[in-house]
Amino acid sequence: MIQPQTLEIKNGEKIPAIFSKEEMDNRLQAIRSLMEEQKLDGILFTSFHNINYFDHFLYTAFGRNYGLVVTRDRICSVTANIDGGQPWRRGVGENLIYTDWQRDNFFAAVQELLKGSQKVGVEYDHLSLQNLEKLKYVLPQTDFADISETVMQQRMIKSEEEIELIRNGAQVADIGGQACVEALAEGVPEYLIARHSTHTMVQEIAKRYPDSDLMDTWTWFQSGINTDGAHNPVTTRKVEKGDILSLNCFPMIGGYYTALERTLFLDHASDEHLRLWEINCRVHQRGLELIRPGTRCCDIALELNEIFAGEDLLQYRTFGYGHSFGSLSHYYGREAGLELREDIETVLEPGMVVSMEPMIMIPEGKAGSGGYREHDILLVTENGAENLTGFPFGPEHNIIQK
């Protein structure tokens, strides 16, 4: 029995998008302007972040390929049959489904949408070599051009609607942080504190965005030695008095990540812990002051390095001082050109949204051991920056007495 390679499933009605039609049309117009400039007949997006950015659909891969084809007169997602009509309901554009009846039906669907194209833009920073070879096979007369960096530049400047969503996300993160403090007590395991925070944030997102998917919001609450990594998972370790603690709240709204990260202590902190914490907070405060239009990312990193170096702590710094926000998560996205690192020369502009998040990690066995990290979200404005994070930082506020 011969089964179809592709099909359409318009099941139900379109779900109202978080962003307005005008917002999504503006994004599409910008990408079509890029197509004109580079003489592209079409673009095939394959990354989570760009498909979400242009179509408002966030896929779950599970080993399958997903795509979004943009031409001069069409925008159409390419999704797996396992998802049914959900990609069409969520997405702002059309949807073409490929089936599992034959291997590589994804490429048959792409061929159907881009056949006859002479030049197509793709994302070399996401497209695997194997999949590029398969694209060349099904579109043998087509030249492929990398558009990933140019599109990243477009995403760096946030629209008013994006800024409003990020502002709401920062507020939800503050609520999640307060929930962590509520659940924190001696003898409580990390995972119970994190679970309470995540549940509280999901409830708040559902209240603010009732038509949004409720996917991927999470909390990492780390204690003691578990604070040594910024992305360490929660464990069953029980919090003890005097522990250094890392509060990390990450609301996800429509594929847009926001974050709150704070150093805390339960009941008390040793003198050396306090000294190190206060130095990291001083770096954080200076970093907040440096984020303004016209400043290069690398210059911020270099100045903050001097503070750590003056305290003989630079060797304990573990990553850059901040990154951009937008369509990204812990498993997709990243506007690599907008990170506060020594090797990034991007100049900050109004409409960019970046974090300030210094971290040092003192190894176990040394006085004051543990990871120290603060994290605020800042919107670059015409004259400076607006801090979107409201949760306080530092010893004055975050030695929690229970």
# chains A, B, ... in the order shown; residues from 1 in each chain; ligands from 1
call {"tool": "residues_around", "arguments": {"residues": "stretch 110-126 of chain A", "least_positions_apart": "2", "cutoff": "7 Å", "atoms": "only C-alpha atoms", "output": "ChimeraX atom specification"}}
result
/A:40-47,106-108,128,138-139,141-148
call {"tool": "write_last_selection", "arguments": {"atoms": "N, CA, C and O atoms", "output": "short mmCIF file (atom, residue, chain, number, x, y, z; two decimals), in the first residue's frame"}}
result
data_model
loop_
_atom_site.label_atom_id
_atom_site.label_comp_id
_atom_site.auth_asym_id
_atom_site.auth_seq_id
_atom_site.Cartn_x
_atom_site.Cartn_y
_atom_site.Cartn_z
N LEU A 40 17.93 35.81 -2.94
CA LEU A 40 17.51 34.48 -2.54
C LEU A 40 16.09 34.21 -3.03
O LEU A 40 15.22 35.06 -2.93
N ASP A 41 15.87 33.01 -3.54
CA ASP A 41 14.51 32.61 -3.93
C ASP A 41 13.72 32.11 -2.73
O ASP A 41 12.48 32.11 -2.76
N GLY A 42 14.43 31.69 -1.70
CA GLY A 42 13.75 31.21 -0.51
C GLY A 42 14.74 31.03 0.63
O GLY A 42 15.95 31.13 0.45
N ILE A 43 14.20 30.78 1.80
CA ILE A 43 15.01 30.49 2.99
C ILE A 43 14.43 29.24 3.65
O ILE A 43 13.20 29.10 3.76
N LEU A 44 15.30 28.35 4.09
CA LEU A 44 14.89 27.21 4.89
C LEU A 44 15.49 27.37 6.29
O LEU A 44 16.71 27.24 6.47
N PHE A 45 14.65 27.71 7.26
CA PHE A 45 15.09 27.74 8.65
C PHE A 45 14.93 26.34 9.24
O PHE A 45 13.93 25.65 8.98
N THR A 46 15.89 25.93 10.05
CA THR A 46 15.80 24.63 10.70
C THR A 46 15.97 24.73 12.22
O THR A 46 15.77 23.74 12.93
N SER A 47 16.36 25.89 12.73
CA SER A 47 16.63 26.03 14.17
C SER A 47 15.35 26.28 14.94
O SER A 47 14.39 26.85 14.42
N PHE A 106 10.98 14.35 5.15
CA PHE A 106 11.19 15.77 5.42
C PHE A 106 11.78 16.47 4.19
O PHE A 106 11.35 17.56 3.80
N PHE A 107 12.74 15.82 3.57
CA PHE A 107 13.41 16.43 2.42
C PHE A 107 12.50 16.43 1.19
O PHE A 107 12.60 17.32 0.34
N ALA A 108 11.61 15.47 1.11
CA ALA A 108 10.62 15.49 0.04
C ALA A 108 9.69 16.69 0.20
O ALA A 108 9.31 17.34 -0.78
N SER A 128 23.12 20.34 9.99
CA SER A 128 24.20 19.36 10.03
C SER A 128 24.73 19.11 8.63
O SER A 128 24.05 19.34 7.62
N VAL A 138 18.20 16.61 -3.07
CA VAL A 138 16.82 16.82 -3.53
C VAL A 138 16.66 18.14 -4.28
O VAL A 138 15.68 18.33 -5.01
N LEU A 139 17.64 19.05 -4.13
CA LEU A 139 17.61 20.33 -4.87
C LEU A 139 18.94 20.51 -5.59
O LEU A 139 19.74 21.40 -5.28
N GLN A 141 19.93 21.70 -8.40
CA GLN A 141 20.20 22.91 -9.18
C GLN A 141 20.28 24.15 -8.29
O GLN A 141 20.35 25.28 -8.80
N THR A 142 20.26 23.95 -6.98
CA THR A 142 20.17 25.07 -6.03
C THR A 142 21.51 25.34 -5.37
O THR A 142 22.20 24.41 -4.95
N ASP A 143 21.86 26.62 -5.26
CA ASP A 143 23.00 27.04 -4.45
C ASP A 143 22.50 27.42 -3.06
O ASP A 143 21.42 28.01 -2.91
N PHE A 144 23.31 27.12 -2.04
CA PHE A 144 22.92 27.41 -0.67
C PHE A 144 23.85 28.47 -0.08
O PHE A 144 25.06 28.45 -0.31
N ALA A 145 23.25 29.40 0.66
CA ALA A 145 24.00 30.49 1.28
C ALA A 145 23.67 30.57 2.76
O ALA A 145 22.51 30.40 3.16
N ASP A 146 24.67 30.84 3.57
CA ASP A 146 24.46 30.93 5.03
C ASP A 146 23.90 32.30 5.38
O ASP A 146 24.49 33.33 5.07
N ILE A 147 22.74 32.31 6.05
CA ILE A 147 22.12 33.56 6.46
C ILE A 147 21.99 33.65 7.98
O ILE A 147 21.36 34.56 8.51
N SER A 148 22.61 32.72 8.71
CA SER A 148 22.40 32.63 10.16
C SER A 148 22.87 33.88 10.89
O SER A 148 22.18 34.39 11.78
#
call {"tool": "residues_around", "arguments": {"residues": "A:Ser77", "least_positions_apart": "4", "cutoff": "8 Å", "atoms": "only C-alpha atoms", "output": "ChimeraX atom specification"}}
result
/A:51,55,66-69,87,91,93-96
call {"tool": "write_last_selection", "arguments": {"atoms": "N, CA, C and O atoms", "output": "CSV table (one decimal), in the first residue's frame"}}
result
chain,number,residue,atom,x,y,z
A,51,ILE,N,12.6,29.4,13.7
A,51,ILE,CA,11.2,28.9,13.4
A,51,ILE,C,10.3,29.5,14.4
A,51,ILE,O,9.2,30.0,14.0
A,55,ASP,N,7.6,32.1,12.9
A,55,ASP,CA,6.3,31.4,12.7
A,55,ASP,C,5.5,31.2,14.0
A,55,ASP,O,4.4,30.8,14.0
A,66,TYR,N,12.7,19.5,11.5
A,66,TYR,CA,11.7,20.5,11.3
A,66,TYR,C,12.2,21.6,10.6
A,66,TYR,O,13.4,21.9,10.6
A,67,GLY,N,11.3,22.3,9.9
A,67,GLY,CA,11.8,23.5,9.1
A,67,GLY,C,10.7,24.5,8.9
A,67,GLY,O,9.5,24.3,9.2
A,68,LEU,N,11.1,25.6,8.4
A,68,LEU,CA,10.2,26.7,8.0
A,68,LEU,C,10.7,27.3,6.7
A,68,LEU,O,11.9,27.8,6.6
A,69,VAL,N,9.9,27.2,5.7
A,69,VAL,CA,10.3,27.7,4.4
A,69,VAL,C,9.6,29.1,4.2
A,69,VAL,O,8.4,29.3,4.3
A,87,PRO,N,1.1,22.2,15.0
A,87,PRO,CA,2.0,23.2,14.4
A,87,PRO,C,1.2,24.2,13.5
A,87,PRO,O,1.5,25.4,13.5
A,91,GLY,N,1.3,28.0,14.7
A,91,GLY,CA,2.0,28.8,13.7
A,91,GLY,C,1.2,29.9,13.1
A,91,GLY,O,0.0,29.7,12.9
A,93,GLY,N,1.8,30.9,9.9
A,93,GLY,CA,1.8,30.6,8.5
A,93,GLY,C,1.1,29.3,8.2
A,93,GLY,O,0.3,28.8,8.9
A,94,GLU,N,1.4,28.8,6.9
A,94,GLU,CA,0.9,27.6,6.5
A,94,GLU,C,1.7,26.4,7.1
A,94,GLU,O,2.7,26.7,7.8
A,95,ASN,N,1.2,25.2,6.9
A,95,ASN,CA,1.9,24.0,7.5
A,95,ASN,C,1.8,22.9,6.5
A,95,ASN,O,0.8,22.6,6.0
A,96,LEU,N,3.0,22.2,6.2
A,96,LEU,CA,3.1,21.0,5.4
A,96,LEU,C,3.6,19.9,6.3
A,96,LEU,O,4.7,20.1,6.9
call {"tool": "atom_distance", "arguments": {"atom1": "atom CA of A:Ser327", "atom2": "atom CA of A:Met252"}}
result
9.5 Å
call {"tool": "closest_residue", "arguments": {"among": "A:Thr258, A:Ser33, A:Gln154, A:Ser20", "to": "A:Gly351", "atoms": "only C-alpha atoms"}}
result
A:Gln154
call {"tool": "closest_residue", "arguments": {"among": "A:Ile360, A:Ala109, A:Ala301, A:Met201", "to": "A:Leu276", "atoms": "only C-alpha atoms"}}
result
A:Ile360
call {"tool": "closest_residue", "arguments": {"among": "A:Val202, A:Ile175, A:Ala61, A:Leu340", "to": "A:Leu214", "atoms": "only C-alpha atoms"}}
result
A:Val202
call {"tool": "residues_around", "arguments": {"residues": "A:Ile244", "least_positions_apart": "3", "cutoff": "7 Å", "atoms": "only C-alpha atoms", "output": "PyMOL selection string"}}
result
chain A and resi 223-224+264-265+370
call {"tool": "atom_distance", "arguments": {"atom1": "atom CA of A:His375", "atom2": "atom CA of A:Lys207"}}
result
25.1 Å
call {"tool": "select_by_dssp", "arguments": {"residues": "stretch 67-243 of chain A", "states": "helix (DSSP H, G or I)", "output": "compact mmCIF listing (two decimals) with N, CA, C and O atoms, in the first residue's frame"}}
result
# COMPACT_ATOMS: atom_id res chain seq x y z
N ASN A 81 4.38 14.28 11.23
CA ASN A 81 2.98 13.86 11.38
C ASN A 81 2.63 13.57 12.84
O ASN A 81 1.46 13.68 13.24
N ILE A 82 3.64 13.25 13.65
CA ILE A 82 3.39 12.93 15.05
C ILE A 82 2.77 14.11 15.79
O ILE A 82 2.08 13.92 16.80
N ASP A 83 2.98 15.33 15.30
CA ASP A 83 2.46 16.52 15.97
C ASP A 83 1.03 16.87 15.56
O ASP A 83 0.45 17.82 16.11
N GLN A 86 -1.24 20.55 15.61
CA GLN A 86 -0.74 21.56 16.55
C GLN A 86 0.18 22.59 15.90
O GLN A 86 0.05 23.79 16.17
N PRO A 87 1.12 22.19 15.02
CA PRO A 87 1.97 23.20 14.38
C PRO A 87 1.18 24.21 13.55
O PRO A 87 1.52 25.39 13.50
N TRP A 88 0.13 23.74 12.90
CA TRP A 88 -0.71 24.67 12.12
C TRP A 88 -1.48 25.60 13.05
O TRP A 88 -1.58 26.80 12.80
N ARG A 89 -2.01 25.05 14.16
CA ARG A 89 -2.77 25.90 15.09
C ARG A 89 -1.89 26.96 15.74
O ARG A 89 -2.28 28.11 15.90
N ARG A 90 -0.67 26.58 16.11
CA ARG A 90 0.24 27.51 16.79
C ARG A 90 0.90 28.49 15.83
O ARG A 90 1.15 29.64 16.16
N ASN A 105 11.28 11.74 4.35
CA ASN A 105 10.16 12.48 3.78
C ASN A 105 10.24 13.98 4.10
O ASN A 105 9.62 14.79 3.40
N PHE A 106 10.98 14.35 5.15
CA PHE A 106 11.19 15.77 5.42
C PHE A 106 11.78 16.47 4.19
O PHE A 106 11.35 17.56 3.80
N PHE A 107 12.74 15.82 3.57
CA PHE A 107 13.41 16.43 2.42
C PHE A 107 12.50 16.43 1.19
O PHE A 107 12.60 17.32 0.34
N ALA A 108 11.61 15.47 1.11
CA ALA A 108 10.62 15.49 0.04
C ALA A 108 9.69 16.69 0.20
O ALA A 108 9.31 17.34 -0.78
N ALA A 109 9.33 17.00 1.45
CA ALA A 109 8.48 18.17 1.72
C ALA A 109 9.20 19.46 1.37
O ALA A 109 8.62 20.38 0.75
N VAL A 110 10.47 19.55 1.75
CA VAL A 110 11.25 20.74 1.43
C VAL A 110 11.39 20.89 -0.09
O VAL A 110 11.27 21.99 -0.64
N GLN A 111 11.62 19.78 -0.75
CA GLN A 111 11.71 19.80 -2.21
C GLN A 111 10.42 20.32 -2.83
O GLN A 111 10.43 21.13 -3.77
N GLU A 112 9.30 19.88 -2.28
CA GLU A 112 7.99 20.32 -2.78
C GLU A 112 7.83 21.84 -2.67
O GLU A 112 7.26 22.49 -3.56
N LEU A 113 8.36 22.43 -1.60
CA LEU A 113 8.19 23.86 -1.35
C LEU A 113 9.23 24.72 -2.06
O LEU A 113 8.96 25.90 -2.33
N LEU A 114 10.41 24.17 -2.34
CA LEU A 114 11.52 24.98 -2.87
C LEU A 114 11.99 24.54 -4.25
O LEU A 114 12.98 25.07 -4.77
N LEU A 129 25.97 18.63 8.54
CA LEU A 129 26.57 18.31 7.25
C LEU A 129 25.76 17.24 6.52
O LEU A 129 25.55 17.31 5.31
N GLN A 130 25.28 16.26 7.27
CA GLN A 130 24.48 15.20 6.66
C GLN A 130 23.22 15.76 6.02
O GLN A 130 22.87 15.41 4.89
N ASN A 131 22.53 16.65 6.74
CA ASN A 131 21.29 17.21 6.20
C ASN A 131 21.56 18.16 5.05
O ASN A 131 20.75 18.27 4.11
N LEU A 132 22.69 18.86 5.07
CA LEU A 132 23.03 19.72 3.94
C LEU A 132 23.24 18.88 2.68
O LEU A 132 22.79 19.25 1.59
N GLU A 133 23.89 17.74 2.83
CA GLU A 133 24.10 16.85 1.68
C GLU A 133 22.77 16.33 1.13
O GLU A 133 22.58 16.21 -0.08
N LYS A 134 21.84 16.05 2.03
CA LYS A 134 20.52 15.58 1.58
C LYS A 134 19.75 16.70 0.87
O LYS A 134 19.02 16.43 -0.10
N LEU A 135 19.91 17.92 1.34
CA LEU A 135 19.28 19.06 0.65
C LEU A 135 19.85 19.21 -0.76
O LEU A 135 19.10 19.46 -1.72
N LYS A 136 21.15 19.07 -0.88
CA LYS A 136 21.78 19.19 -2.20
C LYS A 136 21.29 18.09 -3.14
O LYS A 136 21.16 18.30 -4.34
N TYR A 137 20.99 16.94 -2.57
CA TYR A 137 20.51 15.82 -3.40
C TYR A 137 19.11 16.08 -3.94
O TYR A 137 18.83 15.82 -5.11
N VAL A 138 18.20 16.61 -3.07
CA VAL A 138 16.82 16.82 -3.53
C VAL A 138 16.66 18.14 -4.28
O VAL A 138 15.68 18.33 -5.01
N SER A 148 22.61 32.72 8.71
CA SER A 148 22.40 32.63 10.16
C SER A 148 22.87 33.88 10.89
O SER A 148 22.18 34.39 11.78
N GLU A 149 24.06 34.40 10.53
CA GLU A 149 24.57 35.56 11.26
C GLU A 149 23.77 36.81 10.95
O GLU A 149 23.49 37.62 11.85
N THR A 150 23.35 36.97 9.70
CA THR A 150 22.56 38.15 9.34
C THR A 150 21.21 38.15 10.05
O THR A 150 20.75 39.19 10.54
N VAL A 151 20.58 36.99 10.14
CA VAL A 151 19.30 36.89 10.83
C VAL A 151 19.48 37.11 12.33
O VAL A 151 18.63 37.72 12.99
N MET A 152 20.60 36.63 12.87
CA MET A 152 20.89 36.87 14.28
C MET A 152 20.96 38.37 14.57
O MET A 152 20.44 38.85 15.57
N GLN A 153 21.59 39.11 13.66
CA GLN A 153 21.67 40.57 13.83
C GLN A 153 20.28 41.18 13.88
O GLN A 153 20.01 42.10 14.66
N GLN A 154 19.36 40.66 13.06
CA GLN A 154 17.98 41.16 13.07
C GLN A 154 17.32 40.90 14.42
O GLN A 154 16.64 41.76 14.96
N ARG A 155 17.56 39.72 14.99
CA ARG A 155 16.90 39.36 16.25
C ARG A 155 17.45 40.13 17.45
O ARG A 155 16.81 40.23 18.48
N MET A 156 18.66 40.67 17.31
CA MET A 156 19.29 41.37 18.44
C MET A 156 18.51 42.61 18.88
O MET A 156 18.51 42.94 20.07
N GLU A 160 8.94 46.56 20.39
CA GLU A 160 8.22 46.95 21.60
C GLU A 160 7.45 45.77 22.18
O GLU A 160 7.37 45.61 23.40
N GLU A 161 6.89 44.92 21.31
CA GLU A 161 6.14 43.77 21.81
C GLU A 161 7.07 42.74 22.46
O GLU A 161 6.72 42.13 23.47
N GLU A 162 8.25 42.55 21.88
CA GLU A 162 9.21 41.65 22.50
C GLU A 162 9.65 42.18 23.86
O GLU A 162 9.77 41.42 24.83
N ILE A 163 9.91 43.47 23.93
CA ILE A 163 10.34 44.07 25.19
C ILE A 163 9.26 43.91 26.26
O ILE A 163 9.56 43.60 27.42
N GLU A 164 8.01 44.07 25.87
CA GLU A 164 6.91 43.90 26.83
C GLU A 164 6.86 42.47 27.34
O GLU A 164 6.65 42.22 28.53
N LEU A 165 7.06 41.51 26.43
CA LEU A 165 7.06 40.10 26.86
C LEU A 165 8.24 39.83 27.81
O LEU A 165 8.09 39.17 28.84
N ILE A 166 9.43 40.33 27.47
CA ILE A 166 10.60 40.12 28.32
C ILE A 166 10.39 40.80 29.67
O ILE A 166 10.78 40.25 30.72
N ARG A 167 9.78 41.96 29.68
CA ARG A 167 9.49 42.65 30.93
C ARG A 167 8.57 41.79 31.81
O ARG A 167 8.81 41.63 33.02
N ASN A 168 7.55 41.22 31.21
CA ASN A 168 6.66 40.33 31.95
C ASN A 168 7.40 39.10 32.44
O ASN A 168 7.20 38.64 33.58
N GLY A 169 8.27 38.55 31.59
CA GLY A 169 9.05 37.39 31.99
C GLY A 169 9.95 37.68 33.18
O GLY A 169 10.09 36.86 34.09
N ALA A 170 10.56 38.86 33.20
CA ALA A 170 11.41 39.25 34.33
C ALA A 170 10.59 39.35 35.61
O ALA A 170 11.05 38.95 36.70
N GLN A 171 9.38 39.86 35.50
CA GLN A 171 8.50 39.94 36.67
C GLN A 171 8.10 38.55 37.16
O GLN A 171 8.05 38.30 38.37
N VAL A 172 7.84 37.64 36.23
CA VAL A 172 7.51 36.27 36.61
C VAL A 172 8.71 35.61 37.30
O VAL A 172 8.55 34.88 38.29
N ALA A 173 9.91 35.89 36.80
CA ALA A 173 11.11 35.34 37.44
C ALA A 173 11.25 35.86 38.87
O ALA A 173 11.63 35.10 39.78
N ASP A 174 10.96 37.14 39.09
CA ASP A 174 11.00 37.69 40.44
C ASP A 174 10.02 36.94 41.36
O ASP A 174 10.34 36.65 42.52
N ILE A 175 8.85 36.63 40.83
CA ILE A 175 7.86 35.88 41.60
C ILE A 175 8.38 34.47 41.92
O ILE A 175 8.21 33.95 43.03
N GLY A 176 9.03 33.86 40.94
CA GLY A 176 9.63 32.55 41.17
C GLY A 176 10.72 32.60 42.22
O GLY A 176 10.85 31.68 43.04
N GLY A 177 11.50 33.68 42.23
CA GLY A 177 12.54 33.83 43.25
C GLY A 177 11.96 33.94 44.64
O GLY A 177 12.48 33.33 45.60
N GLN A 178 10.87 34.68 44.76
CA GLN A 178 10.22 34.80 46.05
C GLN A 178 9.66 33.46 46.51
O GLN A 178 9.69 33.14 47.71
N ALA A 179 9.18 32.66 45.55
CA ALA A 179 8.68 31.33 45.89
C ALA A 179 9.80 30.43 46.40
O ALA A 179 9.59 29.61 47.30
N CYS A 180 11.01 30.58 45.84
CA CYS A 180 12.15 29.83 46.36
C CYS A 180 12.41 30.17 47.82
O CYS A 180 12.63 29.28 48.66
N VAL A 181 12.39 31.47 48.12
CA VAL A 181 12.63 31.90 49.50
C VAL A 181 11.54 31.36 50.42
O VAL A 181 11.82 30.94 51.55
N GLU A 182 10.30 31.34 49.96
CA GLU A 182 9.19 30.81 50.75
C GLU A 182 9.43 29.34 51.12
O GLU A 182 9.16 28.91 52.25
N ALA A 183 9.92 28.57 50.15
CA ALA A 183 10.08 27.12 50.36
C ALA A 183 11.38 26.77 51.06
O ALA A 183 11.54 25.65 51.56
N GLU A 190 16.77 20.29 47.60
CA GLU A 190 16.80 21.26 46.50
C GLU A 190 15.58 21.10 45.58
O GLU A 190 14.96 22.09 45.17
N TYR A 191 15.25 19.86 45.24
CA TYR A 191 14.21 19.66 44.23
C TYR A 191 12.83 20.14 44.69
O TYR A 191 12.01 20.59 43.87
N LEU A 192 12.56 20.08 45.99
CA LEU A 192 11.27 20.56 46.48
C LEU A 192 11.18 22.09 46.40
O LEU A 192 10.13 22.65 46.07
N ILE A 193 12.28 22.75 46.70
CA ILE A 193 12.31 24.21 46.57
C ILE A 193 12.13 24.61 45.11
O ILE A 193 11.34 25.50 44.79
N ALA A 194 12.85 23.94 44.21
CA ALA A 194 12.75 24.24 42.78
C ALA A 194 11.35 23.96 42.26
O ALA A 194 10.80 24.74 41.46
N ARG A 195 10.75 22.87 42.69
CA ARG A 195 9.41 22.51 42.21
C ARG A 195 8.38 23.56 42.60
O ARG A 195 7.51 23.92 41.80
N HIS A 196 8.48 24.07 43.82
CA HIS A 196 7.54 25.10 44.27
C HIS A 196 7.69 26.36 43.43
O HIS A 196 6.69 26.99 43.03
N SER A 197 8.92 26.73 43.14
CA SER A 197 9.17 27.92 42.32
C SER A 197 8.62 27.75 40.92
O SER A 197 7.94 28.64 40.39
N THR A 198 8.90 26.62 40.30
CA THR A 198 8.44 26.39 38.92
C THR A 198 6.92 26.40 38.85
O THR A 198 6.32 27.02 37.95
N HIS A 199 6.27 25.73 39.79
CA HIS A 199 4.81 25.69 39.81
C HIS A 199 4.23 27.10 39.94
O HIS A 199 3.28 27.46 39.25
N THR A 200 4.84 27.91 40.78
CA THR A 200 4.37 29.29 40.98
C THR A 200 4.52 30.10 39.71
O THR A 200 3.62 30.87 39.33
N MET A 201 5.64 29.94 39.01
CA MET A 201 5.86 30.70 37.77
C MET A 201 4.90 30.26 36.67
O MET A 201 4.37 31.11 35.93
N VAL A 202 4.67 28.96 36.54
CA VAL A 202 3.74 28.47 35.51
C VAL A 202 2.34 29.03 35.75
O VAL A 202 1.65 29.44 34.81
N GLN A 203 1.91 29.06 36.98
CA GLN A 203 0.61 29.63 37.30
C GLN A 203 0.53 31.10 36.89
O GLN A 203 -0.49 31.56 36.35
N GLU A 204 1.61 31.84 37.13
CA GLU A 204 1.63 33.26 36.79
C GLU A 204 1.64 33.46 35.27
O GLU A 204 0.96 34.36 34.75
N ILE A 205 2.37 32.63 34.55
CA ILE A 205 2.38 32.73 33.08
C ILE A 205 0.99 32.44 32.53
O ILE A 205 0.50 33.12 31.62
N ALA A 206 0.33 31.42 33.07
CA ALA A 206 -1.03 31.07 32.62
C ALA A 206 -1.99 32.23 32.84
O ALA A 206 -2.91 32.46 32.05
N LYS A 207 -1.79 32.97 33.92
CA LYS A 207 -2.65 34.11 34.22
C LYS A 207 -2.40 35.27 33.24
O LYS A 207 -3.33 35.88 32.74
N ARG A 208 -1.14 35.52 32.94
CA ARG A 208 -0.79 36.65 32.08
C ARG A 208 -0.96 36.34 30.60
O ARG A 208 -1.25 37.24 29.81
N GLY A 224 25.37 24.39 48.50
CA GLY A 224 26.69 23.86 48.82
C GLY A 224 27.55 23.64 47.60
O GLY A 224 27.66 24.50 46.72
N ILE A 225 28.15 22.47 47.50
CA ILE A 225 29.06 22.17 46.39
C ILE A 225 28.34 22.21 45.03
O ILE A 225 28.96 22.46 43.99
N ASN A 226 27.04 22.01 45.05
CA ASN A 226 26.28 22.01 43.79
C ASN A 226 26.19 23.40 43.14
O ASN A 226 25.72 23.52 42.02
N THR A 227 26.64 24.44 43.85
CA THR A 227 26.61 25.79 43.28
C THR A 227 27.81 26.04 42.36
O THR A 227 27.92 27.13 41.79
N ASP A 228 28.71 25.05 42.19
CA ASP A 228 29.94 25.34 41.45
C ASP A 228 29.72 25.51 39.95
O ASP A 228 30.57 26.06 39.26
call {"tool": "atom_distance", "arguments": {"atom1": "atom CA of A:Thr346", "atom2": "atom CA of A:His323"}}
result
11.7 Å
call {"tool": "select_by_dssp", "arguments": {"residues": "stretch 139-301 of chain A", "states": "strand (DSSP E or B)", "output": "NGL selection string"}}
result
:A and (143-146 or 189 or 218-223 or 238 or 244-250 or 252-253 or 256-257 or 260-266 or 296)
call {"tool": "residues_around", "arguments": {"residues": "A:Pro4", "least_positions_apart": "5", "cutoff": "9 Å", "atoms": "only C-alpha atoms", "output": "VMD selection string"}}
result
chain A and resid 98 to 99 101 to 102
call {"tool": "residues_around", "arguments": {"residues": "A:Lys238", "least_positions_apart": "6", "cutoff": "7 Å", "atoms": "only C-alpha atoms", "output": "PyMOL selection string"}}
result
chain A and resi 187-190
call {"tool": "write_last_selection", "arguments": {"atoms": "all heavy atoms", "output": "JSON list (two decimals), in the first residue's frame"}}
result
[["chain", "number", "residue", "atom", "x", "y", "z"],
["A", 187, "GLY", "N", 16.92, 21.44, 55.99],
["A", 187, "GLY", "CA", 16.45, 20.07, 55.81],
["A", 187, "GLY", "C", 15.57, 19.86, 54.59],
["A", 187, "GLY", "O", 15.20, 18.72, 54.29],
["A", 188, "VAL", "N", 15.24, 20.92, 53.86],
["A", 188, "VAL", "CA", 14.41, 20.78, 52.64],
["A", 188, "VAL", "C", 15.33, 20.48, 51.45],
["A", 188, "VAL", "O", 16.31, 21.19, 51.24],
["A", 188, "VAL", "CB", 13.59, 22.05, 52.38],
["A", 188, "VAL", "CG1", 12.75, 21.89, 51.11],
["A", 188, "VAL", "CG2", 12.69, 22.36, 53.57],
["A", 189, "PRO", "N", 15.04, 19.44, 50.66],
["A", 189, "PRO", "CA", 15.90, 19.14, 49.51],
["A", 189, "PRO", "C", 15.73, 20.16, 48.38],
["A", 189, "PRO", "O", 14.69, 20.80, 48.24],
["A", 189, "PRO", "CB", 15.42, 17.75, 49.06],
["A", 189, "PRO", "CG", 14.05, 17.61, 49.61],
["A", 189, "PRO", "CD", 13.99, 18.42, 50.86],
["A", 190, "GLU", "N", 16.77, 20.29, 47.60],
["A", 190, "GLU", "CA", 16.80, 21.26, 46.50],
["A", 190, "GLU", "C", 15.58, 21.10, 45.58],
["A", 190, "GLU", "O", 14.96, 22.09, 45.17],
["A", 190, "GLU", "CB", 18.07, 21.08, 45.67],
["A", 190, "GLU", "CG", 19.35, 21.40, 46.38],
["A", 190, "GLU", "CD", 20.59, 21.03, 45.58],
["A", 190, "GLU", "OE1", 20.44, 20.51, 44.45],
["A", 190, "GLU", "OE2", 21.70, 21.26, 46.08]]
call {"tool": "closest_residue", "arguments": {"among": "A:Thr6, A:Thr389, A:Asn383, A:Thr60", "to": "A:Arg292", "atoms": "only C-alpha atoms"}}
result
A:Asn383
